file target_34.cif (mmCIF, C-alpha atoms)
data_entry
#
loop_
_atom_site.group_PDB
_atom_site.id
_atom_site.type_symbol
_atom_site.label_atom_id
_atom_site.label_comp_id
_atom_site.auth_asym_id
_atom_site.auth_seq_id
_atom_site.Cartn_x
_atom_site.Cartn_y
_atom_site.Cartn_z
ATOM 1 C CA MET E 9 254.905 201.899 52.302
ATOM 2 C CA LEU E 10 253.122 199.135 54.224
ATOM 3 C CA ASP E 11 250.088 201.398 54.649
ATOM 4 C CA LEU E 12 249.866 201.807 50.886
ATOM 5 C CA ILE E 13 250.024 198.039 50.340
ATOM 6 C CA VAL E 14 247.349 197.285 52.951
ATOM 7 C CA THR E 15 245.070 200.060 51.684
ATOM 8 C CA THR E 16 245.418 198.957 48.078
ATOM 9 C CA GLY E 17 244.712 195.367 49.126
ATOM 10 C CA GLY E 18 241.549 196.540 50.875
ATOM 11 C CA ILE E 19 240.374 198.316 47.735
ATOM 12 C CA VAL E 20 241.072 195.235 45.608
ATOM 13 C CA TYR E 21 239.196 192.980 48.043
ATOM 14 C CA GLY E 22 236.288 195.442 48.021
ATOM 15 C CA VAL E 23 236.159 195.225 44.230
ATOM 16 C CA VAL E 24 236.199 191.423 44.454
ATOM 17 C CA LEU E 25 233.299 191.502 46.924
ATOM 18 C CA VAL E 26 231.290 193.819 44.684
ATOM 19 C CA SER E 27 231.912 191.504 41.742
ATOM 20 C CA ALA E 28 230.890 188.516 43.907
ATOM 21 C CA ALA E 29 227.477 190.123 44.267
ATOM 22 C CA PHE E 30 226.967 189.935 40.496
ATOM 23 C CA PHE E 31 229.176 187.187 39.055
ATOM 24 C CA ARG E 32 229.625 183.544 39.951
ATOM 25 C CA ASN E 33 232.944 181.849 39.438
ATOM 26 C CA GLY E 34 235.318 179.879 41.608
ATOM 27 C CA PHE E 35 237.404 182.877 42.582
ATOM 28 C CA THR E 36 234.557 185.105 43.755
ATOM 29 C CA GLU E 37 232.722 182.232 45.442
ATOM 30 C CA ALA E 38 235.791 181.471 47.547
ATOM 31 C CA LEU E 39 236.075 185.084 48.756
ATOM 32 C CA ARG E 40 232.414 185.812 49.536
ATOM 33 C CA ILE E 41 231.999 187.474 52.933
ATOM 34 C CA ASP E 42 228.466 186.142 53.431
ATOM 35 C CA ALA E 43 229.832 182.596 53.264
ATOM 36 C CA LEU E 44 231.988 183.457 56.277
ATOM 37 C CA LEU E 45 229.280 185.166 58.335
ATOM 38 C CA VAL E 46 226.058 183.331 57.499
ATOM 39 C CA PRO E 47 225.724 179.615 58.364
ATOM 40 C CA LYS E 48 223.933 178.707 55.098
ATOM 41 C CA PRO E 49 224.639 181.340 52.427
ATOM 42 C CA THR E 50 222.131 181.556 49.588
ATOM 43 C CA ASP E 51 221.296 183.975 46.803
ATOM 44 C CA THR E 52 219.366 186.100 49.297
ATOM 45 C CA THR E 53 222.546 186.738 51.321
ATOM 46 C CA ARG E 54 224.596 187.636 48.229
ATOM 47 C CA PRO E 55 223.806 191.413 48.472
ATOM 48 C CA LEU E 56 225.739 191.465 51.744
ATOM 49 C CA ASN E 57 228.893 191.215 49.620
ATOM 50 C CA LEU E 58 227.884 194.356 47.748
ATOM 51 C CA ALA E 59 227.349 196.351 50.929
ATOM 52 C CA VAL E 60 230.578 195.208 52.603
ATOM 53 C CA GLY E 61 232.541 195.678 49.374
ATOM 54 C CA LEU E 62 231.344 199.255 48.933
ATOM 55 C CA VAL E 63 232.170 200.056 52.557
ATOM 56 C CA LEU E 64 235.682 198.618 52.132
ATOM 57 C CA ILE E 65 236.264 200.570 48.933
ATOM 58 C CA ALA E 66 235.009 203.815 50.479
ATOM 59 C CA TYR E 67 236.986 203.468 53.693
ATOM 60 C CA ASN E 68 240.235 202.481 52.000
ATOM 61 C CA THR E 69 239.917 205.221 49.379
ATOM 62 C CA TYR E 70 239.340 207.728 52.174
ATOM 63 C CA SER E 71 242.397 206.381 54.013
ATOM 64 C CA LEU E 72 244.464 206.563 50.852
ATOM 65 C CA PHE E 73 243.663 210.183 50.052
ATOM 66 C CA GLY E 74 242.743 211.470 53.515
#
call {"tool": "encode", "arguments": {"input": "target_34.cif", "output": "structure tokens"}}
result
Amino acid sequence: MLDLIVTTGGIVYGVVLVSAAFFRNGFTEALRIDALLVPKPTDTTRPLNLAVGLVLIAYNTYSLFG
């Protein structure tokens, strides 16, 4: 049961990261992964959220059904 919760949380966070690559609001800005990794995040580092989000979604979906 805990595996299902963690995997679903990973998929949800991946979706949030993908949306952070396209939309700007307080919620997505607070959860951006490039703001954690890059010292001065700008619009040029925003696509990093898309890449990490897609990887999280793919890995957690594979874990869910694999």
call {"tool": "resolve_selection", "arguments": {"input": "target_34.cif", "expression": "the PyMOL selection byres ((chain E and resi 30) around 12)", "output": "ChimeraX atom specification"}}
result
/E:23-29,31-33,36-37,40,51,54-58,61
call {"tool": "atom_distance", "arguments": {"input": "target_34.cif", "atom1": "CA of Lys48 in chain E", "atom2": "CA of Phe35 in chain E"}}
result
18.9 Å
call {"tool": "atom_distance", "arguments": {"input": "target_34.cif", "atom1": "CA of Val14 in chain E", "atom2": "CA of Ala38 in chain E"}}
result
20.3 Å
call {"tool": "closest_residue", "arguments": {"input": "target_34.cif", "among": "E:Ile19, E:Ile41, E:Leu72, E:Leu12", "to": "Val60 in chain E", "atoms": "all atoms listed in the file"}}
result
E:Ile41
call {"tool": "atom_distance", "arguments": {"input": "target_34.cif", "atom1": "CA of Thr16 in chain E", "atom2": "CA of Thr50 in chain E"}}
result
29.1 Å
call {"tool": "closest_residue", "arguments": {"input": "target_34.cif", "among": "E:Met9, E:Pro49, E:Gly22, E:Thr15", "to": "Phe73 in chain E", "atoms": "all atoms listed in the file"}}
result
E:Thr15
call {"tool": "axis_aligned_box", "arguments": {"input": "target_34.cif", "around": "range 38-45 of chain E", "padding_each_side": "5 Å", "output": "lines of an AutoDock Vina configuration file"}}
result
center_x = 232.3
center_y = 184.5
center_z = 52.9
size_x = 17.6
size_y = 16.0
size_z = 20.8
call {"tool": "residues_around", "arguments": {"input": "target_34.cif", "residues": "Gly18 in chain E", "least_positions_apart": "5", "cutoff": "7 Å", "atoms": "all atoms listed in the file", "output": "count of residues only"}}
result
3
call {"tool": "decode", "arguments": {"input": "target_34.cif", "residues": "range 11-57 of chain E", "atoms": "N, CA and C atoms", "output": "tab-separated table (two decimals), in the first residue's frame"}}
result
chain	number	residue	atom	x	y	z
E	11	ASP	N	3.83	1.53	-1.26
E	11	ASP	CA	4.41	1.66	-2.60
E	11	ASP	C	3.46	2.38	-3.54
E	12	LEU	N	2.20	2.07	-3.45
E	12	LEU	CA	1.20	2.73	-4.30
E	12	LEU	C	1.12	4.22	-4.00
E	13	ILE	N	1.18	4.59	-2.74
E	13	ILE	CA	1.10	5.99	-2.34
E	13	ILE	C	2.32	6.76	-2.84
E	14	VAL	N	3.51	6.19	-2.65
E	14	VAL	CA	4.74	6.85	-3.07
E	14	VAL	C	4.80	6.97	-4.59
E	15	THR	N	4.40	5.93	-5.30
E	15	THR	CA	4.41	5.95	-6.75
E	15	THR	C	3.41	6.97	-7.30
E	16	THR	N	2.24	7.01	-6.72
E	16	THR	CA	1.24	7.99	-7.16
E	16	THR	C	1.71	9.40	-6.86
E	17	GLY	N	2.35	9.61	-5.71
E	17	GLY	CA	2.91	10.91	-5.39
E	17	GLY	C	3.99	11.33	-6.38
E	18	GLY	N	4.79	10.38	-6.83
E	18	GLY	CA	5.81	10.68	-7.83
E	18	GLY	C	5.21	11.08	-9.16
E	19	ILE	N	4.12	10.44	-9.55
E	19	ILE	CA	3.44	10.80	-10.79
E	19	ILE	C	2.84	12.19	-10.68
E	20	VAL	N	2.22	12.48	-9.55
E	20	VAL	CA	1.62	13.81	-9.34
E	20	VAL	C	2.70	14.89	-9.36
E	21	TYR	N	3.82	14.66	-8.71
E	21	TYR	CA	4.91	15.64	-8.71
E	21	TYR	C	5.48	15.81	-10.11
E	22	GLY	N	5.56	14.73	-10.88
E	22	GLY	CA	5.99	14.84	-12.27
E	22	GLY	C	5.06	15.71	-13.08
E	23	VAL	N	3.77	15.56	-12.88
E	23	VAL	CA	2.79	16.40	-13.58
E	23	VAL	C	2.95	17.86	-13.17
E	24	VAL	N	3.20	18.10	-11.89
E	24	VAL	CA	3.41	19.47	-11.42
E	24	VAL	C	4.66	20.07	-12.06
E	25	LEU	N	5.72	19.28	-12.19
E	25	LEU	CA	6.94	19.78	-12.82
E	25	LEU	C	6.72	20.08	-14.29
E	26	VAL	N	5.98	19.23	-14.98
E	26	VAL	CA	5.69	19.49	-16.39
E	26	VAL	C	4.87	20.78	-16.51
E	27	SER	N	3.90	20.96	-15.63
E	27	SER	CA	3.11	22.19	-15.70
E	27	SER	C	3.94	23.41	-15.31
E	28	ALA	N	4.96	23.24	-14.48
E	28	ALA	CA	5.83	24.36	-14.11
E	28	ALA	C	6.66	24.83	-15.30
E	29	ALA	N	6.86	23.95	-16.27
E	29	ALA	CA	7.60	24.35	-17.46
E	29	ALA	C	6.77	25.29	-18.34
E	30	PHE	N	5.45	25.26	-18.20
E	30	PHE	CA	4.59	26.04	-19.07
E	30	PHE	C	3.81	27.15	-18.37
E	31	PHE	N	3.45	26.94	-17.11
E	31	PHE	CA	2.60	27.89	-16.40
E	31	PHE	C	3.35	28.51	-15.23
E	32	ARG	N	2.99	29.74	-14.92
E	32	ARG	CA	3.59	30.43	-13.78
E	32	ARG	C	2.50	30.78	-12.79
E	33	ASN	N	2.57	30.18	-11.63
E	33	ASN	CA	1.75	30.60	-10.50
E	33	ASN	C	2.52	30.27	-9.23
E	34	GLY	N	2.00	30.66	-8.11
E	34	GLY	CA	2.73	30.47	-6.86
E	34	GLY	C	3.00	29.02	-6.54
E	35	PHE	N	2.07	28.15	-6.86
E	35	PHE	CA	2.22	26.74	-6.54
E	35	PHE	C	3.34	26.10	-7.36
E	36	THR	N	3.31	26.31	-8.67
E	36	THR	CA	4.34	25.69	-9.51
E	36	THR	C	5.71	26.33	-9.30
E	37	GLU	N	5.74	27.62	-9.02
E	37	GLU	CA	7.03	28.28	-8.78
E	37	GLU	C	7.70	27.74	-7.52
E	38	ALA	N	6.91	27.38	-6.52
E	38	ALA	CA	7.47	26.86	-5.28
E	38	ALA	C	8.03	25.46	-5.44
E	39	LEU	N	7.55	24.70	-6.42
E	39	LEU	CA	7.96	23.31	-6.59
E	39	LEU	C	8.90	23.08	-7.77
E	40	ARG	N	9.40	24.13	-8.37
E	40	ARG	CA	10.31	23.99	-9.51
E	40	ARG	C	11.60	23.31	-9.09
E	41	ILE	N	12.04	22.33	-9.86
E	41	ILE	CA	13.26	21.60	-9.53
E	41	ILE	C	14.50	22.41	-9.93
E	42	ASP	N	14.39	23.25	-10.96
E	42	ASP	CA	15.55	24.04	-11.34
E	42	ASP	C	15.88	25.09	-10.30
E	43	ALA	N	14.89	25.52	-9.53
E	43	ALA	CA	15.17	26.47	-8.45
E	43	ALA	C	15.96	25.81	-7.32
E	44	LEU	N	15.88	24.50	-7.21
E	44	LEU	CA	16.65	23.78	-6.20
E	44	LEU	C	18.06	23.45	-6.66
E	45	LEU	N	18.26	23.26	-7.96
E	45	LEU	CA	19.54	22.79	-8.48
E	45	LEU	C	20.43	23.90	-9.02
E	46	VAL	N	19.82	24.93	-9.59
E	46	VAL	CA	20.58	25.99	-10.25
E	46	VAL	C	20.64	27.20	-9.31
E	47	PRO	N	21.82	27.81	-9.14
E	47	PRO	CA	21.93	28.93	-8.19
E	47	PRO	C	21.02	30.12	-8.53
E	48	LYS	N	20.91	30.47	-9.81
E	48	LYS	CA	20.06	31.59	-10.22
E	48	LYS	C	19.13	31.12	-11.34
E	49	PRO	N	17.98	30.54	-10.99
E	49	PRO	CA	17.09	30.03	-12.04
E	49	PRO	C	16.46	31.16	-12.85
E	50	THR	N	16.41	30.95	-14.15
E	50	THR	CA	15.80	31.92	-15.07
E	50	THR	C	14.87	31.17	-16.00
E	51	ASP	N	14.37	31.88	-17.00
E	51	ASP	CA	13.50	31.23	-17.99
E	51	ASP	C	14.26	30.22	-18.84
E	52	THR	N	15.57	30.37	-18.94
E	52	THR	CA	16.34	29.41	-19.74
E	52	THR	C	16.52	28.08	-19.01
E	53	THR	N	16.39	28.08	-17.69
E	53	THR	CA	16.50	26.81	-16.94
E	53	THR	C	15.14	26.15	-16.72
E	54	ARG	N	14.06	26.81	-17.11
E	54	ARG	CA	12.72	26.27	-16.94
E	54	ARG	C	12.50	24.93	-17.65
E	55	PRO	N	13.06	24.68	-18.85
E	55	PRO	CA	12.86	23.37	-19.49
E	55	PRO	C	13.42	22.18	-18.70
E	56	LEU	N	14.28	22.43	-17.76
E	56	LEU	CA	14.77	21.36	-16.90
E	56	LEU	C	13.62	20.72	-16.13
E	57	ASN	N	12.62	21.50	-15.76
E	57	ASN	CA	11.44	20.96	-15.09
E	57	ASN	C	10.68	19.99	-15.98
